[in-house]
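Notes follow the structure.
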Amino acid sequence: MTDSKSNLVKYEKWKPSAAGGELEESRTAATGDFYKFAVGKNKLRFFPPMHGRKSPFAQVMQHFLELPGMTKAVSFNCPRAMAGKSCRVCKKVDDLRASGNPADYAMAGQILAKRRVYAVALDRANPERGPIVLAFGKTIHEPLLALAADEDAGADFTDPGADGFDVIVDRVGTKKNDTEYSVRLSTKKTPMSDDAAQVEAWLEMAPNLARYLHVPSEDELEKIL
């Protein structure tokens, strides 16, 4: 199927060398409506990179603010981390860290920009939903990169054809402080579907992750905050 000249031309092959480079970037980086990882086993088939992109992931640095007095939590991509521009929240982080007060330092850690990664996948438990968007952090992202980068023990889990693998994400815990994830490959190769037309339809339906890379302007940030 990977030789098809239909909709698959919109996608790229994800090479182990590219995954290895992304893993190194991930390890050295500062630290909608998405799929909810259930407690237990989550079996997923990741979509390949769209044409012109080297990775199936879209990675951002994002502020998430959920503080006393706020009517609702807000999140946005960090202008400083992603575009080298002024960011009022980063400035607040700097001020809090410089105060020497342990409580301020803890607050800075809460509002600091953190990694958020997006990917498109198929939920094997509910394939009728078609392509869905996943959002996760480094605890899932880095194991995925390591699997793809290891040419001996890893595998291409983004190949929609018969040489591809499903990924299993196991979750334990239900709260922020007790939740842990482990990532592993399925033990056997399988196509995304035995129906080639269905695979092409899913690939055509896949959302473009570029939408999650937007960095807000000063005016947009004013409205967000």
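We name chains A, B, ... following the order of the structure tokens; residues begin at 1 in each chain, and ligands are numbered from 1 as shown.
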Can you pull out the residues contacting Phe46 in chain A? Cut-off 8 Å, using only C-alpha atoms, and skip same-chain residues under 4 positions away; I want them as a PyMOL selection string.
chain A and resi 56+119-122+157-158+166-167
Under the rule of at most 10 Å, produce a per-residue listing of range 77-159 of chain A near range 207-219 of chain A: chain, number, name, the closest pair of atoms, and the distance in Å, as CSV, using only C-alpha atoms.
```
residue,atom,partner,partner_atom,distance
A:Asn77,CA,A:Val215,CA,5.4
A:Cys78,CA,A:Val215,CA,6.7
A:Pro79,CA,A:Val215,CA,5.8
A:Arg80,CA,A:Val215,CA,9.4
A:Ala81,CA,A:Val215,CA,9.8
A:Met82,CA,A:Val215,CA,7.2
A:Ala83,CA,A:Val215,CA,7.4
A:Lys85,CA,A:Ser217,CA,9.4
A:Ser86,CA,A:Glu218,CA,8.7
A:Cys87,CA,A:Glu218,CA,8.5
A:Arg88,CA,A:Glu218,CA,9.4
A:Arg116,CA,A:Tyr212,CA,9.9
A:Val117,CA,A:Tyr212,CA,9.3
A:Tyr118,CA,A:Leu209,CA,7.0
A:Ala119,CA,A:Leu209,CA,7.2
A:Val120,CA,A:Pro207,CA,7.4
A:Pro131,CA,A:Pro207,CA,7.7
A:Ile132,CA,A:Pro207,CA,8.0
A:Val133,CA,A:Pro207,CA,7.7
```
For this session: Mind the document's chain letters and residue numbers, and return as a PyMOL selection string the residues of range 147-202 of chain A that DSSP labels alpha helix (DSSP H).
Result: chain A and resi 147-149+196-202
N, CA, C and O atoms of the current selection, written as a compact mmCIF listing (two decimals), in the first residue's frame:
```
# COMPACT_ATOMS: atom_id res chain seq x y z
N LEU A 147 11.10 4.46 20.08
CA LEU A 147 10.68 3.28 19.32
C LEU A 147 11.00 3.44 17.83
O LEU A 147 11.49 2.51 17.18
N ALA A 148 10.73 4.61 17.31
CA ALA A 148 10.94 4.85 15.88
C ALA A 148 12.41 4.98 15.54
O ALA A 148 12.84 4.65 14.43
N ALA A 149 13.21 5.49 16.49
CA ALA A 149 14.63 5.74 16.23
C ALA A 149 15.48 4.48 16.32
O ALA A 149 16.58 4.43 15.78
N ALA A 196 -8.24 -1.13 1.23
CA ALA A 196 -7.38 -0.04 0.74
C ALA A 196 -8.16 1.26 0.56
O ALA A 196 -7.65 2.35 0.83
N ALA A 197 -9.41 1.15 0.10
CA ALA A 197 -10.23 2.35 -0.10
C ALA A 197 -10.51 3.04 1.23
O ALA A 197 -10.55 4.28 1.30
N GLN A 198 -10.70 2.25 2.29
CA GLN A 198 -10.95 2.83 3.60
C GLN A 198 -9.72 3.57 4.12
O GLN A 198 -9.82 4.67 4.69
N VAL A 199 -8.54 2.99 3.89
CA VAL A 199 -7.31 3.65 4.30
C VAL A 199 -7.16 4.99 3.60
O VAL A 199 -6.84 6.01 4.21
N GLU A 200 -7.40 5.01 2.30
CA GLU A 200 -7.29 6.25 1.54
C GLU A 200 -8.29 7.29 2.04
O GLU A 200 -7.98 8.48 2.12
N ALA A 201 -9.49 6.83 2.40
CA ALA A 201 -10.50 7.76 2.91
C ALA A 201 -10.05 8.35 4.24
O ALA A 201 -10.20 9.56 4.48
N TRP A 202 -9.49 7.52 5.11
CA TRP A 202 -9.02 8.02 6.40
C TRP A 202 -7.88 9.02 6.22
O TRP A 202 -7.84 10.06 6.88
```
For the contact check between range 108-174 of chain A and range 98-103 of chain A, emit one row per residue of range 108-174 of chain A within 12 Å, containing the shortest atom pair and the distance in Å rounded to one decimal, counting only C-alpha atoms, chain then rising number order, as a Markdown table.
```
| residue | atom | partner | partner_atom | distance |
| --- | --- | --- | --- | --- |
| A:Ala108 | CA | A:Ala103 | CA | 8.7 |
| A:Gly109 | CA | A:Ala103 | CA | 10.0 |
| A:Gln110 | CA | A:Ala103 | CA | 10.9 |
```
Once DSSP has gone over the backbone, tell me which residues of chain A are in strand (DSSP E), as a PDB file with N, CA, C and O atoms, in the first residue's frame.
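Final output, states19.pdb:
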```
ATOM      1  N   GLY A  40      -5.809   1.847  31.547  1.00  0.00           N
ATOM      2  CA  GLY A  40      -5.624   0.537  30.931  1.00  0.00           C
ATOM      3  C   GLY A  40      -4.997   0.658  29.558  1.00  0.00           C
ATOM      4  O   GLY A  40      -4.158   1.530  29.311  1.00  0.00           O
ATOM      5  N   LYS A  41      -5.425  -0.173  28.649  1.00  0.00           N
ATOM      6  CA  LYS A  41      -4.802  -0.306  27.327  1.00  0.00           C
ATOM      7  C   LYS A  41      -5.471   0.596  26.292  1.00  0.00           C
ATOM      8  O   LYS A  41      -6.685   0.570  26.124  1.00  0.00           O
ATOM      9  N   ASN A  42      -4.663   1.391  25.598  1.00  0.00           N
ATOM     10  CA  ASN A  42      -5.130   2.219  24.485  1.00  0.00           C
ATOM     11  C   ASN A  42      -4.359   1.797  23.234  1.00  0.00           C
ATOM     12  O   ASN A  42      -3.149   2.024  23.144  1.00  0.00           O
ATOM     13  N   LYS A  43      -5.045   1.179  22.295  1.00  0.00           N
ATOM     14  CA  LYS A  43      -4.396   0.684  21.075  1.00  0.00           C
ATOM     15  C   LYS A  43      -4.649   1.658  19.930  1.00  0.00           C
ATOM     16  O   LYS A  43      -5.804   1.941  19.587  1.00  0.00           O
ATOM     17  N   LEU A  44      -3.568   2.181  19.351  1.00  0.00           N
ATOM     18  CA  LEU A  44      -3.657   3.265  18.379  1.00  0.00           C
ATOM     19  C   LEU A  44      -2.823   2.962  17.143  1.00  0.00           C
ATOM     20  O   LEU A  44      -1.805   2.287  17.218  1.00  0.00           O
ATOM     21  N   ARG A  45      -3.258   3.513  16.004  1.00  0.00           N
ATOM     22  CA  ARG A  45      -2.446   3.457  14.791  1.00  0.00           C
ATOM     23  C   ARG A  45      -2.159   4.890  14.368  1.00  0.00           C
ATOM     24  O   ARG A  45      -3.066   5.647  14.008  1.00  0.00           O
ATOM     25  N   PHE A  46      -0.899   5.279  14.446  1.00  0.00           N
ATOM     26  CA  PHE A  46      -0.521   6.643  14.112  1.00  0.00           C
ATOM     27  C   PHE A  46      -0.466   6.852  12.607  1.00  0.00           C
ATOM     28  O   PHE A  46      -0.061   5.963  11.850  1.00  0.00           O
ATOM     29  N   ALA A  58       3.321  17.323  15.800  1.00  0.00           N
ATOM     30  CA  ALA A  58       3.437  18.781  15.855  1.00  0.00           C
ATOM     31  C   ALA A  58       3.703  19.122  17.312  1.00  0.00           C
ATOM     32  O   ALA A  58       2.883  18.833  18.187  1.00  0.00           O
ATOM     33  N   GLN A  59       4.866  19.700  17.585  1.00  0.00           N
ATOM     34  CA  GLN A  59       5.273  19.979  18.959  1.00  0.00           C
ATOM     35  C   GLN A  59       5.250  21.473  19.230  1.00  0.00           C
ATOM     36  O   GLN A  59       5.746  22.267  18.431  1.00  0.00           O
ATOM     37  N   VAL A  60       4.685  21.849  20.374  1.00  0.00           N
ATOM     38  CA  VAL A  60       4.616  23.255  20.771  1.00  0.00           C
ATOM     39  C   VAL A  60       5.056  23.384  22.227  1.00  0.00           C
ATOM     40  O   VAL A  60       5.153  22.401  22.960  1.00  0.00           O
ATOM     41  N   MET A  61       5.330  24.620  22.627  1.00  0.00           N
ATOM     42  CA  MET A  61       5.528  24.955  24.037  1.00  0.00           C
ATOM     43  C   MET A  61       4.317  25.788  24.436  1.00  0.00           C
ATOM     44  O   MET A  61       4.046  26.826  23.829  1.00  0.00           O
ATOM     45  N   GLN A  62       3.606  25.332  25.435  1.00  0.00           N
ATOM     46  CA  GLN A  62       2.294  25.893  25.721  1.00  0.00           C
ATOM     47  C   GLN A  62       2.139  26.264  27.199  1.00  0.00           C
ATOM     48  O   GLN A  62       2.534  25.513  28.083  1.00  0.00           O
ATOM     49  N   HIS A  63       1.572  27.442  27.428  1.00  0.00           N
ATOM     50  CA  HIS A  63       1.187  27.834  28.780  1.00  0.00           C
ATOM     51  C   HIS A  63      -0.211  27.303  29.058  1.00  0.00           C
ATOM     52  O   HIS A  63      -1.100  27.394  28.203  1.00  0.00           O
ATOM     53  N   PHE A  64      -0.396  26.769  30.249  1.00  0.00           N
ATOM     54  CA  PHE A  64      -1.728  26.342  30.695  1.00  0.00           C
ATOM     55  C   PHE A  64      -1.979  27.021  32.032  1.00  0.00           C
ATOM     56  O   PHE A  64      -1.251  26.808  32.997  1.00  0.00           O
ATOM     57  N   LEU A  65      -2.992  27.870  32.050  1.00  0.00           N
ATOM     58  CA  LEU A  65      -3.281  28.663  33.241  1.00  0.00           C
ATOM     59  C   LEU A  65      -4.615  28.246  33.845  1.00  0.00           C
ATOM     60  O   LEU A  65      -5.662  28.340  33.212  1.00  0.00           O
ATOM     61  N   VAL A  74      -7.191  28.475  30.653  1.00  0.00           N
ATOM     62  CA  VAL A  74      -6.860  28.878  29.287  1.00  0.00           C
ATOM     63  C   VAL A  74      -5.487  28.308  28.934  1.00  0.00           C
ATOM     64  O   VAL A  74      -4.650  28.069  29.800  1.00  0.00           O
ATOM     65  N   SER A  75      -5.274  28.088  27.657  1.00  0.00           N
ATOM     66  CA  SER A  75      -3.967  27.628  27.189  1.00  0.00           C
ATOM     67  C   SER A  75      -3.654  28.317  25.869  1.00  0.00           C
ATOM     68  O   SER A  75      -4.555  28.656  25.099  1.00  0.00           O
ATOM     69  N   PHE A  76      -2.357  28.521  25.621  1.00  0.00           N
ATOM     70  CA  PHE A  76      -1.936  29.151  24.366  1.00  0.00           C
ATOM     71  C   PHE A  76      -0.451  28.864  24.163  1.00  0.00           C
ATOM     72  O   PHE A  76       0.303  28.634  25.110  1.00  0.00           O
ATOM     73  N   ASN A  77      -0.042  28.850  22.903  1.00  0.00           N
ATOM     74  CA  ASN A  77       1.354  28.631  22.570  1.00  0.00           C
ATOM     75  C   ASN A  77       2.193  29.834  22.984  1.00  0.00           C
ATOM     76  O   ASN A  77       1.777  30.978  22.795  1.00  0.00           O
ATOM     77  N   LYS A 114       5.120  24.525  28.822  1.00  0.00           N
ATOM     78  CA  LYS A 114       5.500  23.113  28.810  1.00  0.00           C
ATOM     79  C   LYS A 114       5.190  22.489  27.449  1.00  0.00           C
ATOM     80  O   LYS A 114       4.343  22.983  26.700  1.00  0.00           O
ATOM     81  N   ARG A 115       5.878  21.428  27.179  1.00  0.00           N
ATOM     82  CA  ARG A 115       5.721  20.762  25.890  1.00  0.00           C
ATOM     83  C   ARG A 115       4.335  20.129  25.743  1.00  0.00           C
ATOM     84  O   ARG A 115       3.804  19.505  26.658  1.00  0.00           O
ATOM     85  N   ARG A 116       3.763  20.315  24.563  1.00  0.00           N
ATOM     86  CA  ARG A 116       2.518  19.636  24.196  1.00  0.00           C
ATOM     87  C   ARG A 116       2.691  19.162  22.766  1.00  0.00           C
ATOM     88  O   ARG A 116       3.162  19.915  21.902  1.00  0.00           O
ATOM     89  N   VAL A 117       2.322  17.932  22.532  1.00  0.00           N
ATOM     90  CA  VAL A 117       2.553  17.306  21.234  1.00  0.00           C
ATOM     91  C   VAL A 117       1.220  16.821  20.666  1.00  0.00           C
ATOM     92  O   VAL A 117       0.392  16.257  21.393  1.00  0.00           O
ATOM     93  N   TYR A 118       1.038  17.036  19.373  1.00  0.00           N
ATOM     94  CA  TYR A 118      -0.179  16.611  18.688  1.00  0.00           C
ATOM     95  C   TYR A 118       0.156  15.578  17.622  1.00  0.00           C
ATOM     96  O   TYR A 118       1.210  15.643  16.981  1.00  0.00           O
ATOM     97  N   ALA A 119      -0.749  14.633  17.432  1.00  0.00           N
ATOM     98  CA  ALA A 119      -0.587  13.614  16.402  1.00  0.00           C
ATOM     99  C   ALA A 119      -1.963  13.145  15.965  1.00  0.00           C
ATOM    100  O   ALA A 119      -2.952  13.299  16.692  1.00  0.00           O
ATOM    101  N   VAL A 120      -2.028  12.572  14.783  1.00  0.00           N
ATOM    102  CA  VAL A 120      -3.275  12.002  14.269  1.00  0.00           C
ATOM    103  C   VAL A 120      -3.168  10.488  14.365  1.00  0.00           C
ATOM    104  O   VAL A 120      -2.127   9.902  14.038  1.00  0.00           O
ATOM    105  N   ALA A 121      -4.228   9.856  14.822  1.00  0.00           N
ATOM    106  CA  ALA A 121      -4.199   8.405  14.985  1.00  0.00           C
ATOM    107  C   ALA A 121      -5.598   7.828  14.778  1.00  0.00           C
ATOM    108  O   ALA A 121      -6.593   8.552  14.703  1.00  0.00           O
ATOM    109  N   LEU A 122      -5.623   6.518  14.699  1.00  0.00           N
ATOM    110  CA  LEU A 122      -6.871   5.757  14.625  1.00  0.00           C
ATOM    111  C   LEU A 122      -7.005   5.004  15.947  1.00  0.00           C
ATOM    112  O   LEU A 122      -6.054   4.340  16.382  1.00  0.00           O
ATOM    113  N   ASP A 123      -8.154   5.139  16.584  1.00  0.00           N
ATOM    114  CA  ASP A 123      -8.420   4.402  17.812  1.00  0.00           C
ATOM    115  C   ASP A 123      -8.916   3.020  17.429  1.00  0.00           C
ATOM    116  O   ASP A 123     -10.025   2.870  16.904  1.00  0.00           O
ATOM    117  N   PRO A 131     -10.014   9.307  11.743  1.00  0.00           N
ATOM    118  CA  PRO A 131      -8.827   9.935  12.321  1.00  0.00           C
ATOM    119  C   PRO A 131      -9.177  10.876  13.464  1.00  0.00           C
ATOM    120  O   PRO A 131     -10.095  11.685  13.363  1.00  0.00           O
ATOM    121  N   ILE A 132      -8.424  10.743  14.554  1.00  0.00           N
ATOM    122  CA  ILE A 132      -8.633  11.573  15.737  1.00  0.00           C
ATOM    123  C   ILE A 132      -7.312  12.259  16.083  1.00  0.00           C
ATOM    124  O   ILE A 132      -6.243  11.819  15.667  1.00  0.00           O
ATOM    125  N   VAL A 133      -7.401  13.345  16.815  1.00  0.00           N
ATOM    126  CA  VAL A 133      -6.200  14.071  17.228  1.00  0.00           C
ATOM    127  C   VAL A 133      -5.868  13.712  18.667  1.00  0.00           C
ATOM    128  O   VAL A 133      -6.723  13.763  19.548  1.00  0.00           O
ATOM    129  N   LEU A 134      -4.606  13.345  18.885  1.00  0.00           N
ATOM    130  CA  LEU A 134      -4.099  13.079  20.220  1.00  0.00           C
ATOM    131  C   LEU A 134      -3.310  14.295  20.693  1.00  0.00           C
ATOM    132  O   LEU A 134      -2.653  14.966  19.897  1.00  0.00           O
ATOM    133  N   ALA A 135      -3.341  14.558  21.977  1.00  0.00           N
ATOM    134  CA  ALA A 135      -2.523  15.609  22.584  1.00  0.00           C
ATOM    135  C   ALA A 135      -1.881  15.015  23.830  1.00  0.00           C
ATOM    136  O   ALA A 135      -2.571  14.443  24.677  1.00  0.00           O
ATOM    137  N   PHE A 136      -0.554  15.131  23.939  1.00  0.00           N
ATOM    138  CA  PHE A 136       0.138  14.504  25.061  1.00  0.00           C
ATOM    139  C   PHE A 136       1.451  15.222  25.321  1.00  0.00           C
ATOM    140  O   PHE A 136       1.846  16.133  24.583  1.00  0.00           O
ATOM    141  N   PHE A 165       2.899  -1.012  12.296  1.00  0.00           N
ATOM    142  CA  PHE A 165       2.561  -1.568  13.604  1.00  0.00           C
ATOM    143  C   PHE A 165       1.604  -0.646  14.349  1.00  0.00           C
ATOM    144  O   PHE A 165       1.660   0.573  14.195  1.00  0.00           O
ATOM    145  N   ASP A 166       0.755  -1.243  15.162  1.00  0.00           N
ATOM    146  CA  ASP A 166      -0.031  -0.459  16.099  1.00  0.00           C
ATOM    147  C   ASP A 166       0.833  -0.138  17.316  1.00  0.00           C
ATOM    148  O   ASP A 166       1.832  -0.817  17.586  1.00  0.00           O
ATOM    149  N   VAL A 167       0.441   0.902  18.052  1.00  0.00           N
ATOM    150  CA  VAL A 167       1.117   1.288  19.289  1.00  0.00           C
ATOM    151  C   VAL A 167       0.128   1.120  20.434  1.00  0.00           C
ATOM    152  O   VAL A 167      -1.050   1.453  20.308  1.00  0.00           O
ATOM    153  N   ILE A 168       0.624   0.615  21.546  1.00  0.00           N
ATOM    154  CA  ILE A 168      -0.210   0.447  22.735  1.00  0.00           C
ATOM    155  C   ILE A 168       0.305   1.380  23.829  1.00  0.00           C
ATOM    156  O   ILE A 168       1.481   1.326  24.206  1.00  0.00           O
ATOM    157  N   VAL A 169      -0.577   2.249  24.293  1.00  0.00           N
ATOM    158  CA  VAL A 169      -0.257   3.154  25.396  1.00  0.00           C
ATOM    159  C   VAL A 169      -1.049   2.678  26.612  1.00  0.00           C
ATOM    160  O   VAL A 169      -2.283   2.677  26.600  1.00  0.00           O
ATOM    161  N   ASP A 170      -0.337   2.247  27.628  1.00  0.00           N
ATOM    162  CA  ASP A 170      -0.972   1.789  28.865  1.00  0.00           C
ATOM    163  C   ASP A 170      -0.971   2.928  29.882  1.00  0.00           C
ATOM    164  O   ASP A 170       0.057   3.572  30.112  1.00  0.00           O
ATOM    165  N   ARG A 171      -2.125   3.153  30.469  1.00  0.00           N
ATOM    166  CA  ARG A 171      -2.256   4.209  31.476  1.00  0.00           C
ATOM    167  C   ARG A 171      -2.632   3.619  32.824  1.00  0.00           C
ATOM    168  O   ARG A 171      -3.532   2.764  32.906  1.00  0.00           O
ATOM    169  N   VAL A 172      -1.966   4.090  33.868  1.00  0.00           N
ATOM    170  CA  VAL A 172      -2.365   3.789  35.242  1.00  0.00           C
ATOM    171  C   VAL A 172      -2.564   5.119  35.951  1.00  0.00           C
ATOM    172  O   VAL A 172      -1.874   6.093  35.673  1.00  0.00           O
ATOM    173  N   GLU A 180       0.512   7.605  35.177  1.00  0.00           N
ATOM    174  CA  GLU A 180       1.734   7.232  34.476  1.00  0.00           C
ATOM    175  C   GLU A 180       1.362   6.514  33.184  1.00  0.00           C
ATOM    176  O   GLU A 180       0.318   5.861  33.099  1.00  0.00           O
ATOM    177  N   TYR A 181       2.257   6.647  32.184  1.00  0.00           N
ATOM    178  CA  TYR A 181       2.033   6.006  30.892  1.00  0.00           C
ATOM    179  C   TYR A 181       3.229   5.133  30.525  1.00  0.00           C
ATOM    180  O   TYR A 181       4.375   5.455  30.851  1.00  0.00           O
ATOM    181  N   SER A 182       2.959   4.044  29.833  1.00  0.00           N
ATOM    182  CA  SER A 182       4.014   3.242  29.219  1.00  0.00           C
ATOM    183  C   SER A 182       3.615   2.996  27.770  1.00  0.00           C
ATOM    184  O   SER A 182       2.424   2.909  27.439  1.00  0.00           O
ATOM    185  N   VAL A 183       4.618   2.926  26.906  1.00  0.00           N
ATOM    186  CA  VAL A 183       4.379   2.844  25.468  1.00  0.00           C
ATOM    187  C   VAL A 183       5.084   1.606  24.908  1.00  0.00           C
ATOM    188  O   VAL A 183       6.250   1.375  25.211  1.00  0.00           O
ATOM    189  N   ARG A 184       4.388   0.842  24.081  1.00  0.00           N
ATOM    190  CA  ARG A 184       4.973  -0.348  23.469  1.00  0.00           C
ATOM    191  C   ARG A 184       4.366  -0.590  22.098  1.00  0.00           C
ATOM    192  O   ARG A 184       3.295  -0.071  21.766  1.00  0.00           O
ATOM    193  N   LEU A 185       5.070  -1.376  21.303  1.00  0.00           N
ATOM    194  CA  LEU A 185       4.572  -1.757  19.991  1.00  0.00           C
ATOM    195  C   LEU A 185       3.710  -3.001  20.083  1.00  0.00           C
ATOM    196  O   LEU A 185       3.938  -3.864  20.936  1.00  0.00           O
ATOM    197  N   SER A 186       2.765  -3.117  19.181  1.00  0.00           N
ATOM    198  CA  SER A 186       2.052  -4.378  19.022  1.00  0.00           C
ATOM    199  C   SER A 186       3.059  -5.442  18.591  1.00  0.00           C
ATOM    200  O   SER A 186       4.096  -5.132  17.997  1.00  0.00           O
ATOM    201  N   THR A 187       2.770  -6.685  18.869  1.00  0.00           N
ATOM    202  CA  THR A 187       3.717  -7.760  18.560  1.00  0.00           C
ATOM    203  C   THR A 187       3.684  -8.205  17.106  1.00  0.00           C
ATOM    204  O   THR A 187       4.517  -9.001  16.685  1.00  0.00           O
ATOM    205  N   LYS A 188       2.744  -7.692  16.321  1.00  0.00           N
ATOM    206  CA  LYS A 188       2.665  -8.125  14.923  1.00  0.00           C
ATOM    207  C   LYS A 188       2.357  -6.962  13.995  1.00  0.00           C
ATOM    208  O   LYS A 188       1.737  -5.971  14.377  1.00  0.00           O
ATOM    209  N   LYS A 189       2.804  -7.096  12.753  1.00  0.00           N
ATOM    210  CA  LYS A 189       2.519  -6.101  11.725  1.00  0.00           C
ATOM    211  C   LYS A 189       1.074  -6.241  11.257  1.00  0.00           C
ATOM    212  O   LYS A 189       0.557  -7.352  11.122  1.00  0.00           O
TER     213      LYS A 189
END
```
